[in-house]
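**Q** Data: coords-v8.txt, compact mmCIF, C-alpha atoms.
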# COMPACT_ATOMS: atom_id res chain seq x y z
CA MET A 35 165.76 125.82 17.38
CA LEU A 36 164.00 122.70 16.11
CA LEU A 37 161.02 121.12 17.90
CA LYS A 38 158.63 118.28 17.13
CA TYR A 39 154.90 118.37 17.79
CA LYS A 40 152.79 115.24 17.39
CA TYR A 41 149.04 115.04 16.80
CA LYS A 42 146.42 112.33 16.34
CA LEU A 43 145.14 112.04 12.76
CA LYS A 44 141.48 111.28 12.01
CA PRO A 45 141.56 110.31 8.31
CA HIS A 46 138.41 109.35 6.40
CA LYS A 47 138.20 105.75 5.18
CA THR A 48 139.45 106.58 1.68
CA GLN A 49 142.33 108.61 3.13
CA ALA A 50 143.28 105.77 5.49
CA VAL A 51 143.41 103.41 2.49
CA ILE A 52 145.73 105.80 0.62
CA ILE A 53 148.04 106.15 3.65
CA ALA A 54 148.20 102.36 4.10
CA ASN A 55 148.96 101.86 0.38
CA TRP A 56 151.71 104.49 0.44
CA LEU A 57 153.34 102.83 3.44
CA HIS A 58 153.28 99.50 1.61
CA MET A 59 154.74 100.97 -1.59
CA ALA A 60 157.38 102.94 0.32
CA LYS A 61 158.42 99.78 2.16
CA LYS A 62 158.84 97.85 -1.11
CA GLN A 63 160.84 100.66 -2.68
CA TYR A 64 163.03 101.02 0.43
CA ASN A 65 163.87 97.30 0.40
CA TYR A 66 164.62 97.32 -3.34
CA ARG A 67 166.90 100.37 -3.15
CA LEU A 68 168.66 99.03 -0.06
CA ALA A 69 169.27 95.74 -1.90
CA GLU A 70 170.85 97.69 -4.78
CA ARG A 71 173.20 99.40 -2.37
CA LEU A 72 174.13 96.28 -0.39
CA ASN A 73 174.69 94.17 -3.52
CA TRP A 74 177.10 96.77 -4.90
CA PHE A 75 178.78 97.12 -1.50
CA GLU A 76 179.39 93.37 -1.27
CA ALA A 77 180.52 93.09 -4.91
CA THR A 78 183.31 95.60 -4.40
CA ARG A 79 184.76 94.10 -1.22
CA THR A 80 186.70 90.99 -0.22
CA PRO A 81 188.39 89.74 2.97
CA VAL A 82 191.77 91.35 3.61
CA ASN A 83 193.55 87.99 3.94
CA SER A 84 192.51 86.91 0.43
CA CYS A 85 192.44 90.17 -1.51
CA PRO A 86 193.72 89.78 -5.10
CA LEU A 87 196.49 92.18 -6.01
CA ASN A 88 195.78 92.75 -9.70
CA ALA A 89 192.09 92.01 -10.33
CA SER A 90 188.64 93.01 -9.10
CA VAL A 91 186.67 90.42 -7.16
CA VAL A 92 183.78 90.95 -9.58
CA PRO A 93 184.34 92.04 -13.21
CA VAL A 94 184.13 95.83 -13.48
CA GLU A 95 181.64 95.67 -16.35
CA GLN A 96 179.32 93.62 -14.13
CA ILE A 97 179.59 95.99 -11.17
CA TYR A 98 178.60 99.04 -13.23
CA GLN A 99 176.45 97.42 -15.91
CA ASN A 100 173.17 99.12 -14.90
CA ILE A 101 174.64 102.47 -13.87
CA PRO A 102 174.95 105.21 -16.53
CA GLU A 103 178.31 106.95 -16.47
CA PHE A 104 176.72 110.41 -16.75
CA ARG A 105 173.40 112.06 -16.09
CA VAL A 106 172.02 115.00 -18.07
CA GLN A 107 170.36 117.83 -16.15
CA THR A 108 166.74 118.26 -17.23
CA ARG A 109 166.19 121.83 -15.95
CA ASP A 110 168.09 124.83 -14.64
CA GLY A 111 169.32 124.52 -11.05
CA ARG A 112 167.75 126.47 -8.22
CA LYS A 113 171.01 127.88 -6.87
CA LYS A 114 172.03 131.22 -8.40
CA ASP A 115 175.34 133.04 -8.69
CA SER A 116 175.98 136.69 -7.80
CA ASN A 117 174.41 137.78 -11.11
CA ASN A 118 171.24 135.78 -10.37
CA ASN A 119 172.05 133.24 -13.07
CA PRO A 120 171.62 129.49 -12.44
CA ILE A 121 174.90 127.84 -11.38
CA THR A 122 173.90 124.67 -13.23
CA ARG A 123 171.82 124.66 -16.40
CA LYS A 124 169.59 122.36 -18.38
CA GLY A 125 171.70 120.04 -20.52
CA ASP A 126 174.73 120.01 -18.22
CA LYS A 127 176.37 116.59 -17.84
CA HIS A 128 177.33 115.30 -14.40
CA PRO A 129 179.22 112.09 -13.55
CA ASN A 130 177.45 109.29 -11.69
CA ILE A 131 180.72 107.55 -10.83
CA VAL A 132 183.59 109.42 -9.15
CA ASN A 133 186.89 107.62 -8.49
CA GLY A 134 185.11 104.29 -8.80
CA TYR A 135 182.42 105.18 -6.26
CA VAL A 136 178.81 105.43 -7.37
CA LEU A 137 176.86 108.54 -6.31
CA TRP A 138 174.03 106.28 -5.28
CA GLU A 139 171.61 108.84 -3.92
CA THR A 140 171.72 110.81 -7.17
CA VAL A 141 171.48 107.66 -9.33
CA GLN A 142 168.51 106.27 -7.41
CA LEU A 143 166.67 109.59 -7.33
CA ALA A 144 167.06 109.86 -11.10
CA ASP A 145 165.75 106.30 -11.51
CA LEU A 146 162.43 107.08 -9.80
CA ALA A 147 160.99 108.35 -13.09
CA GLN A 148 161.64 104.94 -14.65
CA THR A 149 160.06 103.25 -11.64
CA LYS A 150 156.85 105.22 -12.21
CA LYS A 151 156.80 104.07 -15.83
CA LEU A 152 157.23 100.41 -14.90
CA PHE A 153 154.92 100.44 -11.85
CA LEU A 154 152.04 102.83 -12.49
CA GLU A 155 150.79 102.72 -8.88
CA TYR A 156 153.77 104.87 -7.87
CA LYS A 157 152.36 107.76 -9.90
CA SER A 158 149.75 108.19 -7.16
CA MET A 159 152.45 108.84 -4.55
CA HIS A 160 153.62 112.41 -4.04
CA SER A 161 157.09 113.01 -5.48
CA GLN A 162 158.50 114.37 -2.20
CA VAL A 163 157.35 111.28 -0.30
CA PHE A 164 158.88 109.05 -2.99
CA GLN A 165 162.19 110.91 -2.90
CA ASP A 166 162.29 110.75 0.90
CA VAL A 167 162.49 106.93 0.65
CA ILE A 168 165.81 107.26 -1.19
CA GLN A 169 167.10 109.73 1.37
CA ARG A 170 166.25 107.25 4.14
CA VAL A 171 168.25 104.58 2.34
CA GLN A 172 171.16 107.04 2.05
CA THR A 173 171.03 107.73 5.80
CA THR A 174 170.91 103.99 6.50
CA MET A 175 174.01 103.33 4.39
CA ASP A 176 175.85 106.31 5.87
CA ASN A 177 175.24 104.90 9.34
CA PHE A 178 176.50 101.50 8.14
CA THR A 179 179.65 102.66 6.37
CA GLN A 180 180.70 105.84 8.20
CA PRO A 181 181.72 105.70 11.88
CA ASP A 182 180.18 108.20 14.27
CA LYS A 183 182.17 110.45 16.62
CA ASN A 184 182.83 107.42 18.85
CA GLY A 185 184.12 105.36 15.92
CA LYS A 186 181.10 103.05 15.85
CA THR A 187 178.80 102.06 12.96
CA SER A 188 175.23 100.75 13.06
CA GLY A 189 176.03 97.37 11.47
CA ARG A 190 174.55 95.86 8.33
CA GLN A 191 170.97 97.01 7.86
CA LYS A 192 168.07 94.58 7.55
CA PHE A 193 165.16 94.78 5.15
CA LYS A 194 161.90 96.16 6.49
CA GLY A 195 158.86 93.99 7.12
CA ARG A 196 155.31 95.34 7.16
CA HIS A 197 155.41 96.22 10.85
CA TYR A 198 158.82 97.90 10.68
CA TYR A 199 158.17 100.55 8.03
CA ASN A 200 155.56 102.77 9.65
CA SER A 201 156.04 106.30 8.38
CA PHE A 202 156.51 108.54 5.36
CA SER A 203 157.50 112.20 5.19
CA TYR A 204 156.76 115.38 3.28
CA PRO A 205 160.08 117.26 3.49
CA GLN A 206 158.72 120.60 2.26
CA LEU A 207 155.43 121.57 3.91
CA SER A 208 154.66 124.81 5.75
CA ASN A 209 152.25 126.47 8.18
CA THR A 210 149.82 127.05 5.29
CA ASN A 211 149.13 123.32 5.24
CA ILE A 212 147.33 123.61 8.61
CA VAL A 213 143.83 124.84 7.72
CA LYS A 214 140.17 124.58 8.70
CA ASN A 215 137.67 122.72 6.52
CA ALA A 216 134.15 123.82 5.67
CA ASN A 217 132.93 122.56 9.06
CA GLY A 218 135.52 124.57 10.95
CA ARG A 219 137.56 121.52 11.91
CA PHE A 220 141.35 121.68 11.91
CA CYS A 221 142.91 119.69 9.08
CA VAL A 222 146.34 119.18 7.60
CA ASN A 223 146.46 119.51 3.83
CA LEU A 224 148.55 116.56 2.63
CA PRO A 225 149.25 116.75 -1.12
CA LYS A 226 147.58 113.90 -3.08
CA ILE A 227 145.71 112.80 0.06
CA GLY A 228 143.62 115.88 0.84
CA LEU A 229 142.41 117.65 3.99
CA VAL A 230 142.95 115.16 6.80
CA PRO A 231 141.28 116.08 10.12
CA PHE A 232 143.49 115.96 13.20
CA VAL A 233 143.32 116.74 16.92
CA TYR A 234 144.97 120.16 17.15
CA ASN A 235 145.00 120.18 20.96
CA HIS A 236 148.20 122.22 21.44
CA PRO A 237 149.01 124.84 18.78
CA THR A 238 152.60 125.26 17.64
CA PRO A 239 154.49 128.10 19.39
CA GLU A 240 154.25 131.53 17.81
CA GLY A 241 157.14 132.31 15.49
CA PHE A 242 157.90 128.69 14.66
CA LYS A 243 157.49 127.54 11.08
CA VAL A 244 156.62 124.04 9.92
CA LYS A 245 159.49 122.45 7.95
CA THR A 246 158.51 118.80 7.51
CA ASP A 247 155.55 116.53 8.24
CA THR A 248 155.77 112.83 8.99
CA VAL A 249 152.73 110.55 8.93
CA ILE A 250 153.18 107.71 11.43
CA ARG A 251 151.26 104.43 11.83
CA GLU A 252 150.91 103.26 15.43
CA GLU A 253 148.87 100.59 17.19
CA ASP A 254 145.92 102.90 17.83
CA GLY A 255 145.84 104.62 14.44
CA TYR A 256 147.69 107.31 12.53
CA TYR A 257 149.56 110.34 13.85
CA ILE A 258 151.33 113.29 12.28
CA SER A 259 154.58 114.79 13.54
CA PHE A 260 155.47 118.38 12.62
CA THR A 261 159.11 119.42 12.69
CA ILE A 262 159.03 123.15 13.41
CA GLU A 263 161.82 125.72 13.51
CA ASP A 264 162.45 129.24 14.76
CA LYS A 265 165.94 130.42 13.82
CA THR A 266 165.75 133.39 16.22
CA VAL A 267 165.61 131.09 19.28
CA PRO A 268 169.14 130.13 20.36
CA VAL A 269 170.02 126.47 20.85
CA GLU A 270 171.53 125.70 24.25
CA VAL A 271 173.16 122.41 25.21
CA VAL A 272 172.04 121.51 28.72
Mind converting the file's structure to structure tokens?
**A**
Amino acid sequence: MLLKYKYKLKPHKTQAVIIANWLHMAKKQYNYRLAERLNWFEATRTPVNSCPLNASVVPVEQIYQNIPEFRVQTRDGRKKDSNNNPITRKGDKHPNIVNGYVLWETVQLADLAQTKKLFLEYKSMHSQVFQDVIQRVQTTMDNFTQPDKNGKTSGRQKFKGRHYYNSFSYPQLSNTNIVKNANGRFCVNLPKIGLVPFVYNHPTPEGFKVKTDTVIREEDGYYISFTIEDKTVPVEVV
């Protein structure tokens, strides 16, 4: 069973500045990556009533000009086979384009290292938070291009303004990130931000483990939402 618990954050001034800067940087990166996806999407499509029979709407070399055909794995994979050996190894080559379709999530995740070289301020952002931006773009495009169970899509996505990108997530935190500081106050240990005090007014249920944390900006300040899970509790549809 998955649950969400939300608490009021009480960050220090320096921590509040870091959170605000991360939200701004995440918004810019989200809009840039979404633009990459939408530009490619539009370049590879044309109205049915005027579709050419023997030529691409946009030259193929232009569509794929900034996308490497392969990527080289930089370290052994985490998944192991029955003999406890990595299924994928450092140096393995993997295609970025399959049957003409770009594996955009993989391509954009790999490009984050180059982004940090070009824009040094992104080095201050935790890697998990940075990667979560790409995963949000992937979810956005999936909702746009893939119908749900009722056959409906979300429509073309818009770019985010300052007041419409109000959260960032750590996908891999745990219960150990909820601690007490030297003064005995409950804090959440957010990597690259530090121990941020929060109002721990209702503890998480016993047996549940923290899976992800999301920092949220609202009108009256910052909040944190814990996604917690206990696999032993059955899920019932009411």
**Q** With only C-alpha atoms as the atoms that count, which of A:Asn73, A:Asn184, A:Asn117, A:Thr266 lies nearest to Leu36 in chain A?
**A** A:Thr266
**Q** Name all residues at most 10 Å from Phe242 in chain A (count only C-alpha atoms; drop same-chain ones fewer than 2 positions away) and give them as a list in words.
**A**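 Surrounding residues, per the criterion: Met35, Leu36, Leu37, Asn209, Thr238, Pro239, Glu240, Val244, Lys245, Thr261, Ile262, Glu263, Asp264, Lys265, Thr266 and Val267 of chain A.
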**Q** Please dump the current selection as a compact mmCIF listing (two decimals), keeping the file's coordinate frame; keep C-alpha atoms.
**A**
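For reference, part.txt as written:
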# COMPACT_ATOMS: atom_id res chain seq x y z
CA MET A 35 165.76 125.82 17.38
CA LEU A 36 164.00 122.70 16.11
CA LEU A 37 161.02 121.12 17.90
CA ASN A 209 152.25 126.47 8.18
CA THR A 238 152.60 125.26 17.64
CA PRO A 239 154.49 128.10 19.39
CA GLU A 240 154.25 131.53 17.81
CA VAL A 244 156.62 124.04 9.92
CA LYS A 245 159.49 122.45 7.95
CA THR A 261 159.11 119.42 12.69
CA ILE A 262 159.03 123.15 13.41
CA GLU A 263 161.82 125.72 13.51
CA ASP A 264 162.45 129.24 14.76
CA LYS A 265 165.94 130.42 13.82
CA THR A 266 165.75 133.39 16.22
CA VAL A 267 165.61 131.09 19.28
**Q** Which residues, written as a list of chain:residue names, have at least one atom at most 10 Å from range 219-224 of chain A, with only C-alpha atoms counted and residues fewer than 4 positions away on the same chain left out?
**A**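 Near neighbours after the sequence-gap exclusion: A:Leu43, A:Lys44, A:Pro45, A:His160, A:Tyr204, A:Leu207, A:Ser208, A:Asn209, A:Thr210, A:Asn211, A:Ile212, A:Val213, A:Lys214, A:Asn215, A:Gly228, A:Leu229, A:Val230, A:Pro231, A:Phe232, A:Val233, A:Tyr234, A:Asn235, A:Asp247, A:Val249, A:Ile258.
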**Q** So that I can check the surroundings of Glu139 in chain A, please list as number ranges by chain every protein, DNA and RNA residue that reaches within 8 Å of it, counting all atoms listed in the file and ignoring chain neighbours fewer than 5 positions away.
**A** A: 168-169, 172
**Q** Could you check which of A:Asn118, A:Gln206, A:Thr149, A:Thr179 is closest to Met59 in chain A, using all atoms listed in the file?
**A** A:Thr149
**Q** What does the distance between CA of Pro102 in chain A and CA of Lys194 in chain A come to in Å, to one decimal place?
**A**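 Between CA of Pro102 in chain A and CA of Lys194 in chain A the gap is 28.0 Å.
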